[in-house]
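Chemist: Below is the file model01.txt, with compact mmCIF, C-alpha atoms.
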# COMPACT_ATOMS: atom_id res chain seq x y z
CA MET L 71 25.51 32.38 18.96
CA ARG L 72 23.30 29.56 17.65
CA ARG L 73 24.64 27.00 20.11
CA THR L 74 24.41 29.44 23.00
CA LEU L 75 20.85 30.43 22.18
CA PHE L 76 19.81 26.82 21.58
CA ARG L 77 21.19 25.84 24.98
CA PHE L 78 19.35 28.79 26.51
CA TYR L 79 16.04 27.80 24.89
CA PHE L 80 16.46 24.17 25.90
CA GLN L 81 17.20 24.99 29.53
CA THR L 82 14.42 27.57 29.74
CA ILE L 83 11.79 25.26 28.24
CA PHE L 84 12.74 22.00 29.95
CA LEU L 85 14.83 22.80 33.05
CA SER L 86 13.65 26.19 34.28
CA ARG L 87 11.43 26.33 37.36
CA GLN L 88 9.12 28.69 35.50
CA ARG L 89 9.13 26.68 32.28
CA GLN L 90 6.31 27.21 29.82
CA LYS L 91 4.05 24.15 30.10
CA LEU L 92 2.10 25.08 26.99
CA LEU L 93 5.26 24.63 24.91
CA LEU L 94 5.86 21.27 26.55
CA LEU L 95 2.35 20.26 25.50
CA ALA L 96 3.09 21.43 21.96
CA LEU L 97 6.30 19.40 21.78
CA ALA L 98 4.45 16.39 23.20
CA GLY L 99 1.79 16.91 20.53
CA LEU L 100 4.45 16.85 17.80
CA PHE L 101 5.84 13.64 19.27
CA ILE L 102 2.41 12.01 19.35
CA SER L 103 1.57 13.21 15.82
CA SER L 104 4.70 11.68 14.30
CA PHE L 105 4.29 8.51 16.35
CA ALA L 106 0.62 7.98 15.50
CA LEU L 107 0.98 8.90 11.84
CA LEU L 108 3.75 6.35 11.26
CA VAL L 109 1.93 3.62 13.22
CA LEU L 110 -1.33 4.09 11.33
CA GLN L 111 0.37 4.37 7.94
CA SER L 112 2.37 1.20 8.58
CA ALA L 113 -0.66 -0.76 9.82
CA MET L 114 -2.91 0.41 6.98
CA GLY L 115 -0.09 -0.07 4.47
CA GLY L 116 0.40 -3.60 5.76
CA LEU L 117 -3.27 -4.47 5.24
CA GLN L 118 -3.25 -2.93 1.76
CA ASN L 119 0.00 -4.66 0.82
CA LYS L 120 -1.30 -8.05 2.02
CA LEU L 121 -4.44 -7.59 -0.08
CA MET L 122 -2.45 -6.76 -3.21
CA GLU L 123 0.08 -9.55 -2.67
CA ARG L 124 -2.66 -12.16 -2.27
CA SER L 125 -4.27 -10.98 -5.50
CA LYS L 126 -0.93 -10.94 -7.37
CA TYR L 127 -0.15 -14.43 -6.06
CA VAL L 128 -3.27 -15.74 -7.81
CA GLU L 129 -3.72 -13.44 -10.80
CA GLY L 130 -0.05 -12.74 -11.52
CA ARG L 131 1.91 -9.50 -11.42
CA ALA L 132 1.27 -8.94 -15.12
CA VAL L 133 -0.63 -10.61 -17.95
CA LEU L 134 0.20 -10.86 -21.64
CA VAL L 135 -3.08 -10.75 -23.55
CA GLY L 136 -3.13 -12.10 -27.10
CA GLN L 137 -3.97 -15.17 -29.08
CA SER L 138 -1.74 -17.86 -30.50
CA ALA L 139 -1.76 -21.58 -31.20
CA ALA L 140 -0.68 -23.71 -28.26
CA HIS L 141 2.51 -24.88 -29.98
CA SER L 142 3.16 -22.01 -32.38
CA PRO L 143 6.73 -20.76 -32.95
CA GLU L 144 5.74 -17.26 -31.81
CA LEU L 145 4.52 -18.52 -28.44
CA SER L 146 7.66 -20.62 -28.03
CA LYS L 147 9.85 -17.56 -28.69
CA LEU L 148 7.82 -15.54 -26.22
CA LEU L 149 8.19 -18.13 -23.46
CA HIS L 150 11.89 -18.52 -24.25
CA LEU L 151 12.46 -14.77 -23.88
CA LEU L 152 10.67 -14.78 -20.54
CA SER L 153 12.73 -17.73 -19.32
CA GLU L 154 15.94 -15.88 -20.24
CA TYR L 155 14.94 -13.13 -17.81
CA GLU L 156 13.95 -15.74 -15.19
CA VAL L 157 10.30 -14.71 -15.22
CA GLU L 158 7.79 -17.33 -14.09
CA ALA L 159 5.33 -17.48 -17.00
CA ILE L 160 2.22 -19.68 -17.13
CA PRO L 161 0.38 -19.91 -20.49
CA GLU L 162 -3.34 -20.55 -20.27
CA TYR L 163 -6.60 -20.32 -22.15
CA GLU L 164 -9.14 -18.06 -20.44
CA LEU L 165 -12.81 -18.24 -21.34
CA GLU L 166 -16.06 -16.84 -19.96
CA VAL L 167 -18.50 -19.68 -19.48
CA LEU L 168 -21.47 -20.95 -17.50
CA VAL L 169 -20.90 -23.62 -14.85
CA GLN L 170 -23.70 -26.04 -13.99
CA ALA L 171 -24.03 -28.59 -11.22
CA GLY L 172 -27.40 -30.26 -11.07
CA SER L 173 -30.02 -27.55 -11.44
CA TYR L 174 -27.73 -24.72 -10.30
CA LEU L 175 -26.11 -22.45 -12.88
CA SER L 176 -23.55 -19.68 -12.45
CA ALA L 177 -21.42 -17.43 -14.64
CA ALA L 178 -17.71 -18.09 -14.29
CA VAL L 179 -14.30 -17.55 -15.82
CA VAL L 180 -12.47 -20.78 -16.58
CA HIS L 181 -8.70 -21.03 -16.93
CA GLY L 182 -7.28 -23.87 -18.99
CA VAL L 183 -3.81 -24.64 -17.63
CA ASP L 184 -1.19 -27.24 -18.43
CA VAL L 185 -0.94 -29.81 -15.63
CA ALA L 186 2.82 -29.93 -16.18
CA ALA L 187 3.19 -26.18 -15.50
CA LEU L 188 0.74 -25.18 -12.81
CA PRO L 189 0.76 -21.86 -10.94
CA GLN L 190 2.19 -22.07 -7.46
CA PHE L 191 -1.16 -21.64 -5.70
CA LEU L 192 -2.62 -24.68 -7.51
CA ILE L 193 0.23 -27.04 -6.66
CA ASP L 194 -0.63 -29.60 -4.01
CA LYS L 195 1.96 -32.17 -2.94
CA GLU L 196 -0.73 -34.66 -1.95
CA ALA L 197 -2.95 -34.34 -5.02
CA SER L 198 -2.46 -33.78 -8.74
CA MET L 199 -4.75 -31.91 -11.10
CA ASP L 200 -6.63 -34.43 -13.22
CA GLU L 201 -9.86 -32.57 -13.88
CA ALA L 202 -10.99 -29.28 -12.32
CA ILE L 203 -10.23 -27.13 -9.26
CA LEU L 204 -12.92 -24.87 -7.81
CA PRO L 205 -12.84 -22.22 -5.06
CA TYR L 206 -15.07 -22.92 -2.08
CA GLU L 207 -17.34 -19.94 -2.74
CA LEU L 208 -18.09 -20.87 -6.36
CA ALA L 209 -18.56 -24.53 -5.37
CA SER L 210 -21.08 -23.60 -2.67
CA ARG L 211 -22.93 -21.35 -5.11
CA ILE L 212 -23.59 -24.17 -7.56
CA GLY L 213 -23.73 -26.91 -4.94
CA ALA L 214 -20.72 -28.88 -6.16
CA GLY L 215 -18.24 -30.83 -4.11
CA PRO L 216 -15.12 -32.96 -4.61
CA SER L 217 -15.49 -35.92 -6.98
CA GLU L 218 -18.73 -34.52 -8.40
CA GLN L 219 -19.38 -33.82 -12.08
CA ILE L 220 -19.99 -30.28 -13.34
CA ARG L 221 -20.78 -28.99 -16.82
CA ILE L 222 -18.90 -26.14 -18.45
CA ILE L 223 -21.10 -24.42 -21.05
CA SER L 224 -19.72 -21.93 -23.55
CA PRO L 225 -22.38 -19.69 -25.16
CA ALA L 226 -19.70 -18.34 -27.53
CA HIS L 227 -19.20 -21.78 -29.13
CA THR L 228 -22.25 -23.49 -30.60
CA ASP L 229 -23.22 -26.50 -32.69
CA PHE L 230 -26.14 -26.57 -35.07
CA PHE L 231 -28.76 -29.20 -34.27
CA LEU L 232 -32.10 -27.93 -35.57
CA THR L 233 -30.99 -24.73 -33.87
CA GLU L 234 -27.79 -23.38 -32.37
CA VAL L 235 -26.91 -25.26 -29.18
CA PRO L 236 -24.09 -24.05 -26.86
CA ARG L 237 -21.27 -26.52 -26.52
CA SER L 238 -20.55 -28.07 -23.17
CA VAL L 239 -18.08 -30.42 -21.56
CA SER L 240 -18.31 -32.36 -18.31
CA VAL L 241 -15.43 -32.42 -15.85
CA ARG L 242 -14.95 -33.84 -12.37
CA VAL L 243 -14.15 -31.59 -9.42
CA GLU L 244 -10.72 -32.67 -8.22
CA ARG L 245 -10.53 -30.53 -5.09
CA LEU L 246 -11.56 -27.20 -3.59
CA ILE L 247 -9.24 -24.32 -2.71
CA ALA L 248 -9.45 -20.90 -1.05
CA SER L 249 -7.41 -18.10 -2.57
CA ASP L 250 -8.65 -15.49 -0.03
CA VAL L 251 -9.29 -13.11 -2.93
CA PRO L 252 -13.07 -12.47 -3.02
CA GLU L 253 -13.36 -11.62 -6.72
CA VAL L 254 -11.40 -14.75 -7.65
CA ASP L 255 -13.21 -17.13 -5.29
CA ALA L 256 -16.58 -15.90 -6.53
CA MET L 257 -16.31 -16.86 -10.22
CA HIS L 258 -13.03 -18.46 -11.28
CA LEU L 259 -12.09 -22.10 -11.76
CA TRP L 260 -9.21 -24.01 -13.30
CA VAL L 261 -9.33 -27.05 -15.59
CA ARG L 262 -6.95 -28.94 -17.82
CA GLN L 263 -6.23 -27.30 -21.16
CA ALA L 264 -7.37 -30.44 -22.95
CA SER L 265 -10.89 -30.02 -21.55
CA LEU L 266 -11.18 -26.50 -22.95
CA PHE L 267 -9.59 -27.54 -26.24
CA ASN L 268 -12.30 -30.19 -26.56
CA LEU L 269 -14.92 -27.56 -25.80
CA THR L 270 -13.70 -24.94 -28.27
CA ARG L 271 -12.22 -27.47 -30.74
CA GLU L 272 -9.11 -25.34 -31.17
CA ARG L 273 -5.75 -25.43 -29.40
CA THR L 274 -5.35 -21.77 -28.46
CA ILE L 275 -3.49 -19.80 -25.80
CA ASN L 276 -4.79 -16.30 -25.11
CA ARG L 277 -3.13 -15.46 -21.78
CA VAL L 278 0.39 -15.68 -20.40
CA ARG L 279 0.42 -14.86 -16.70
CA LEU L 280 3.66 -13.54 -15.24
CA TYR L 281 4.20 -14.32 -11.58
CA SER L 282 7.48 -12.42 -11.31
CA ASP L 283 8.31 -8.75 -11.59
CA ILE L 284 9.35 -7.67 -15.08
CA SER L 285 11.94 -5.02 -15.76
CA SER L 286 11.44 -2.04 -18.05
CA GLU L 287 14.00 -3.54 -20.45
CA LEU L 288 12.01 -6.77 -20.77
CA LYS L 289 8.76 -4.84 -21.15
CA GLN L 290 10.26 -2.84 -24.01
CA LYS L 291 11.50 -5.98 -25.76
CA LEU L 292 8.10 -7.62 -25.44
CA GLN L 293 6.42 -4.59 -26.98
CA GLU L 294 8.92 -4.46 -29.85
CA ARG L 295 9.14 -8.17 -30.73
CA PHE L 296 5.61 -9.33 -29.90
CA SER L 297 3.28 -6.52 -30.86
CA ASP L 298 0.30 -8.90 -30.95
CA TRP L 299 0.59 -9.45 -27.19
CA LYS L 300 -0.51 -6.59 -24.94
CA ILE L 301 1.07 -6.21 -21.50
CA GLN L 302 -1.29 -5.47 -18.63
CA THR L 303 0.21 -5.07 -15.17
CA TRP L 304 -1.78 -5.89 -12.06
CA GLU L 305 -2.12 -2.18 -11.31
CA GLN L 306 -3.56 -1.52 -14.77
CA ARG L 307 -6.07 -4.35 -14.42
CA HIS L 308 -7.19 -3.04 -11.00
CA GLU L 309 -7.03 0.71 -11.49
CA THR L 310 -10.13 1.34 -9.39
CA LEU L 311 -8.80 -0.64 -6.42
CA VAL L 312 -5.37 1.04 -6.63
CA TRP L 313 -7.04 4.46 -6.79
CA ALA L 314 -9.26 3.64 -3.81
CA LEU L 315 -6.31 2.47 -1.71
CA GLY L 316 -4.35 5.60 -2.63
CA LEU L 317 -7.32 7.79 -1.73
CA GLU L 318 -7.62 6.02 1.61
CA THR L 319 -3.99 6.82 2.42
CA SER L 320 -4.34 10.43 1.24
CA VAL L 321 -7.44 11.02 3.36
CA MET L 322 -5.68 9.62 6.43
CA VAL L 323 -2.67 11.94 5.92
CA PHE L 324 -5.03 14.88 5.34
CA LEU L 325 -6.90 14.19 8.57
CA PHE L 326 -3.64 14.01 10.50
CA THR L 327 -2.51 17.26 8.89
CA VAL L 328 -5.68 18.97 10.08
CA MET L 329 -5.22 17.48 13.54
CA SER L 330 -1.65 18.78 13.59
CA LEU L 331 -3.03 22.29 13.14
CA LEU L 332 -4.45 21.96 16.67
CA VAL L 333 -0.89 21.47 17.88
CA ALA L 334 0.02 24.63 15.95
CA LEU L 335 -2.41 26.61 18.13
CA CYS L 336 -0.53 25.44 21.21
CA ILE L 337 2.75 26.39 19.51
CA VAL L 338 1.62 29.94 18.67
CA SER L 339 0.07 30.73 22.06
CA GLY L 340 2.92 29.07 23.94
CA LEU L 341 5.58 30.94 21.99
CA PHE L 342 3.92 34.31 22.56
CA LEU L 343 3.92 33.67 26.30
CA PHE L 344 7.45 32.27 26.14
CA PHE L 345 8.85 35.26 24.25
CA ASP L 346 7.18 37.64 26.62
CA LYS L 347 8.98 35.90 29.47
CA ILE L 348 12.46 35.95 27.86
CA LYS L 349 12.30 39.38 26.23
CA TRP L 350 14.67 40.81 28.83
CA ASP L 351 17.18 38.04 28.14
CA LEU L 352 17.07 38.78 24.41
CA THR L 353 17.47 42.49 25.15
CA GLY L 354 20.56 41.67 27.20
CA LEU L 355 22.06 39.78 24.25
CA TRP L 356 21.27 42.78 22.04
CA ILE L 357 23.11 45.07 24.45
CA LEU L 358 26.12 42.71 24.34
CA GLY L 359 26.35 43.18 20.55
CA ALA L 360 24.04 40.65 18.93
CA SER L 361 22.07 42.23 16.10
CA LYS L 362 18.30 41.94 15.92
CA ASN L 363 18.47 39.89 12.70
CA ARG L 364 21.02 37.56 14.21
CA LEU L 365 18.85 37.02 17.26
CA GLU L 366 15.87 36.29 15.02
CA HIS L 367 17.78 33.80 12.85
CA SER L 368 19.37 32.06 15.84
CA SER L 369 16.02 31.85 17.62
CA GLY L 370 14.42 30.40 14.48
CA PHE L 371 17.17 27.81 14.21
CA SER L 372 16.71 26.82 17.86
CA LEU L 373 12.93 26.46 17.55
CA MET L 374 13.26 24.45 14.35
CA ALA L 375 15.85 22.17 15.98
CA LEU L 376 13.58 21.53 18.97
CA SER L 377 10.60 20.76 16.73
CA MET L 378 12.67 18.47 14.53
CA SER L 379 14.06 16.65 17.57
CA SER L 380 10.57 16.06 18.94
CA CYS L 381 9.31 14.69 15.59
CA LEU L 382 12.44 12.57 15.14
CA LEU L 383 12.01 11.11 18.62
CA GLY L 384 8.41 10.23 17.70
CA ILE L 385 9.57 8.48 14.52
CA ILE L 386 12.21 6.47 16.38
CA SER L 387 9.75 5.46 19.10
CA ALA L 388 7.13 4.44 16.51
CA PHE L 389 9.70 2.43 14.57
CA VAL L 390 10.73 0.52 17.71
CA PHE L 391 7.07 -0.03 18.65
CA LEU L 392 6.22 -1.38 15.18
CA LYS L 393 9.18 -3.75 15.20
CA LEU L 394 8.16 -5.10 18.60
CA PHE L 395 4.53 -5.32 17.50
CA SER L 396 5.44 -7.27 14.35
CA VAL L 397 7.35 -9.79 16.46
CA PHE L 398 5.05 -10.07 19.48
CA GLY L 399 1.76 -9.02 17.86
CA LEU L 400 -1.36 -10.92 18.93
CA GLU L 401 -4.29 -12.15 16.86
CA ILE L 402 -6.59 -9.27 17.68
CA LEU L 403 -8.85 -9.38 14.61
CA PRO L 404 -11.97 -11.62 14.46
CA ALA L 405 -11.81 -14.99 12.72
CA VAL L 406 -13.76 -13.67 9.71
CA PHE L 407 -10.71 -11.67 8.63
CA VAL L 408 -8.01 -13.26 6.50
CA ASP L 409 -5.23 -11.55 8.48
CA ARG L 410 -5.80 -12.23 12.18
CA GLU L 411 -2.70 -10.23 13.08
CA ILE L 412 -2.27 -6.64 11.92
CA PRO L 413 0.53 -6.75 9.32
CA ILE L 414 3.19 -4.05 9.48
CA TYR L 415 4.61 -2.52 6.32
CA ILE L 416 7.07 0.36 6.85
CA THR L 417 8.04 2.38 3.79
CA SER L 418 10.43 5.27 3.23
CA THR L 419 7.48 7.36 2.04
CA GLY L 420 5.65 6.68 5.29
CA LEU L 421 8.72 7.64 7.33
CA LEU L 422 9.18 10.90 5.43
CA THR L 423 5.48 11.77 5.61
CA SER L 424 5.30 11.07 9.34
CA PHE L 425 8.33 13.28 9.92
CA LEU L 426 7.68 16.14 7.50
CA VAL L 427 3.94 16.76 8.04
CA PRO L 428 4.08 17.72 11.76
CA CYS L 429 7.58 19.13 11.42
CA LEU L 430 6.72 21.54 8.60
CA ILE L 431 3.55 22.69 10.35
CA SER L 432 5.52 23.42 13.52
CA TRP L 433 8.23 25.26 11.57
CA ILE L 434 5.73 27.46 9.74
CA PHE L 435 3.86 28.55 12.86
CA SER L 436 7.01 28.84 14.99
CA LEU L 437 8.69 31.13 12.46
CA TRP L 438 5.50 33.14 12.07
CA SER L 439 5.26 33.64 15.84
CA LEU L 440 8.93 34.54 16.02
CA ARG L 441 8.56 37.07 13.19
CA GLN L 442 5.57 38.71 14.88
CA PHE L 443 7.46 38.96 18.15
CA HIS L 444 10.59 40.52 16.66
CA ARG L 445 8.54 43.01 14.63
CA SER L 446 6.76 44.23 17.76
CA GLN L 447 9.83 44.09 19.99
CA ASP L 448 11.76 47.35 20.52
CA HIS L 449 14.77 46.68 22.72
CA LEU L 450 15.60 50.36 23.16
CA ALA L 451 12.06 51.20 24.26
CA LEU L 452 12.11 48.30 26.68
CA ILE L 453 15.34 49.60 28.26
CA ARG L 454 13.92 53.12 28.55
CA SER L 455 10.79 51.79 30.25
CA ALA L 456 12.95 50.17 32.90
CA CYS L 457 14.86 53.36 33.66
Do you think you could lay out the structure here as C-alpha cells?
Modeler:
Amino acid sequence: MRRTLFRFYFQTIFLSRQRQKLLLLALAGLFISSFALLVLQSAMGGLQNKLMERSKYVEGRAVLVGQSAAHSPELSKLLHLLSEYEVEAIPEYELEVLVQAGSYLSAAVVHGVDVAALPQFLIDKEASMDEAILPYELASRIGAGPSEQIRIISPAHTDFFLTEVPRSVSVRVERLIASDVPEVDAMHLWVRQASLFNLTRERTINRVRLYSDISSELKQKLQERFSDWKIQTWEQRHETLVWALGLETSVMVFLFTVMSLLVALCIVSGLFLFFDKIKWDLTGLWILGASKNRLEHSSGFSLMALSMSSCLLGIISAFVFLKLFSVFGLEILPAVFVDREIPIYITSTGLLTSFLVPCLISWIFSLWSLRQFHRSQDHLALIRSAC
C-alpha cells in the first residue's frame, strides 16, 4: 500500500497534466532552504574557524598559568610530561609593561621566550631572534622600526633612588611581524627571556603555552600532579568571543527557521487543494478495502518521503557546490580582509541542521494538513452525493 500510494502521489504531483503547481513551489522551497542553509553555515563557519585558528596559532590552544623558577625540577617534570604526550609546549615569562620609543609611550604585554625554543609563528629562516619582535600595529603606534631601540618599562618593579623609580631595559627591534589577530597585534611583543630576567632580576617562568590539542587524560594528570599550574583553554580565555560566534550561528539558524515557515504556508494551502483533487481516488482505494487509518498513515509516509527527498537533494547539491567553490573560489573580498577567499568549513552539525530544520517543518505541517483532511473526509457521504 505504501509503495503504491507513494507512486501515485509522485506521478500526480510531478507527471500529471493537472499537477498542483503550489506543491511544486513548496518542494522547490524546501530544496532552496536546505541548500542555502548549508551554504551559509559553511561559509560563516569557515570565517569563524579561520579567526579562531589564527588566534590559536599565536596564543596557543591552551595555557598553563603558574609561577616557577626557570630551571626548577617542577618545571622540568611538567615539560617532560608534556613531551611524553607529544604536546608542543613553549615556556615563557609574560609581563604587563609600558613600551617607549622616543616620546611615544604605549601599554603592552611582553613575552619573554627562549630563542632556542621559539613558537612557530616567530620562526624565520632568514633571521634569528636576537633582541625583540614587534607587530606592525604596535610598532606604528609608538613609531618604532627595525634596528631601532625601544625601552621596556615595568611599573611593577621599582628601584629606590630618592623615590621609587620603575625599572626599564632597552632592547633593539629585530624585525616586525603581522599575526593577523587584532588584539595581539595591538599590544603584544616578544623579547629574549634574558632581557626580562634583567628587568625583573629573577629567573621566573609564569606561562607554558600549548600549541597542540591536549587530551582529557593529560589534562587530568596535569591537574593532579601540578596543582600550582592552572589550565586555561583558548575557549576559556575567550569566552565572550566564543559566545558571540555561537550567538551569530544561532541567530542565522533561527532566521532560516522563520523563513521556512513561509514554505509551510505553501505546503498547507497546496495540500488542501491537492487532497481536494484526489479525494475520489482515495475513496476508490477505500472501496477496494483500504481502511481510513491505513490510507492516512500511507499518505503521511508518502508526503514525508517526498519532503525528505527534496531536502536531501538540496543538501547534496549544496555539498557539491561548496566543494567546487572551495577549489575554484575567487578572491571576492576586498584587500582589507585577511581572507580574500571565502573559506568553507563543512561540519556534521551543519549538515544535520540544514537537513532537519526544513524537513521537520515540512513534516509537521504536512501531517497537520493530512489529519485535517481525513477528519473532514467522509467517503460514504461522498459516494452518496455522486449517486
Chemist: Please measure the separation of CA of Leu108 (chain L) and CA of Leu437 (chain L), giving the value in Å to one decimal.
Modeler: 25.3 Å
Chemist: Figure out the distance between CA of Ala171 (chain L) and CA of Ala214 (chain L), please, to one decimal in Å.
Modeler: 6.1 Å
Chemist: Counting only C-alpha atoms, which residues sit no farther than 7 Å from the position (-10.8, -31.5, -7.3) in the file's frame? I'd like them as a PyMOL selection string.
Modeler: chain L and resi 201-204+216-217+242-246
Chemist: Give me, as a ChimeraX atom specification, all polymer residues having an atom no more than 10 Å from Tyr127 (chain L), counting only C-alpha atoms and skipping those fewer than 6 positions away in the same chain.
Modeler: /L:189-191,249,251,280-282
Chemist: At a cut-off of 7 Å, can you tabulate as CSV every residue of region 256-320 of chain L near region 138-154 of chain L together with its closest atom pair and the distance in Å to one decimal, using only C-alpha atoms and ordering rows by chain then number?
Modeler:
residue,atom,partner,partner_atom,distance
L:Arg273,CA,L:Ala140,CA,5.5
L:Thr274,CA,L:Ala139,CA,4.5
L:Ile275,CA,L:Ser138,CA,5.4
L:Asn276,CA,L:Ser138,CA,6.4
Chemist: Enclose region 102-121 of chain L, meaning all of its atoms listed in the file, in a box aligned along x, y and z, pad it by 4 Å on each side, and list the centre and edge lengths in Å to one decimal, as AutoDock Vina command-line options.
Modeler:
--center_x 0.1 --center_y 2.6 --center_z 9.6 --size_x 17.1 --size_y 29.3 --size_z 27.4
Chemist: Nearest to Val254 (chain L): which of L:Ala96, L:Leu382, L:Ile412, L:Val179 is it, counting all atoms listed in the file?
Modeler: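 The answer is L:Val179, which sits nearest to Val254 (chain L).
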Chemist: Interatomic distance between CA of Ile301 (chain L) and CA of Val157 (chain L)?
Modeler: 14.0 Å
Chemist: Which of these residues is nearest to Thr303 (chain L), using only C-alpha atoms: L:Arg131, L:Arg237, L:His227, L:Arg271?
Modeler: L:Arg131
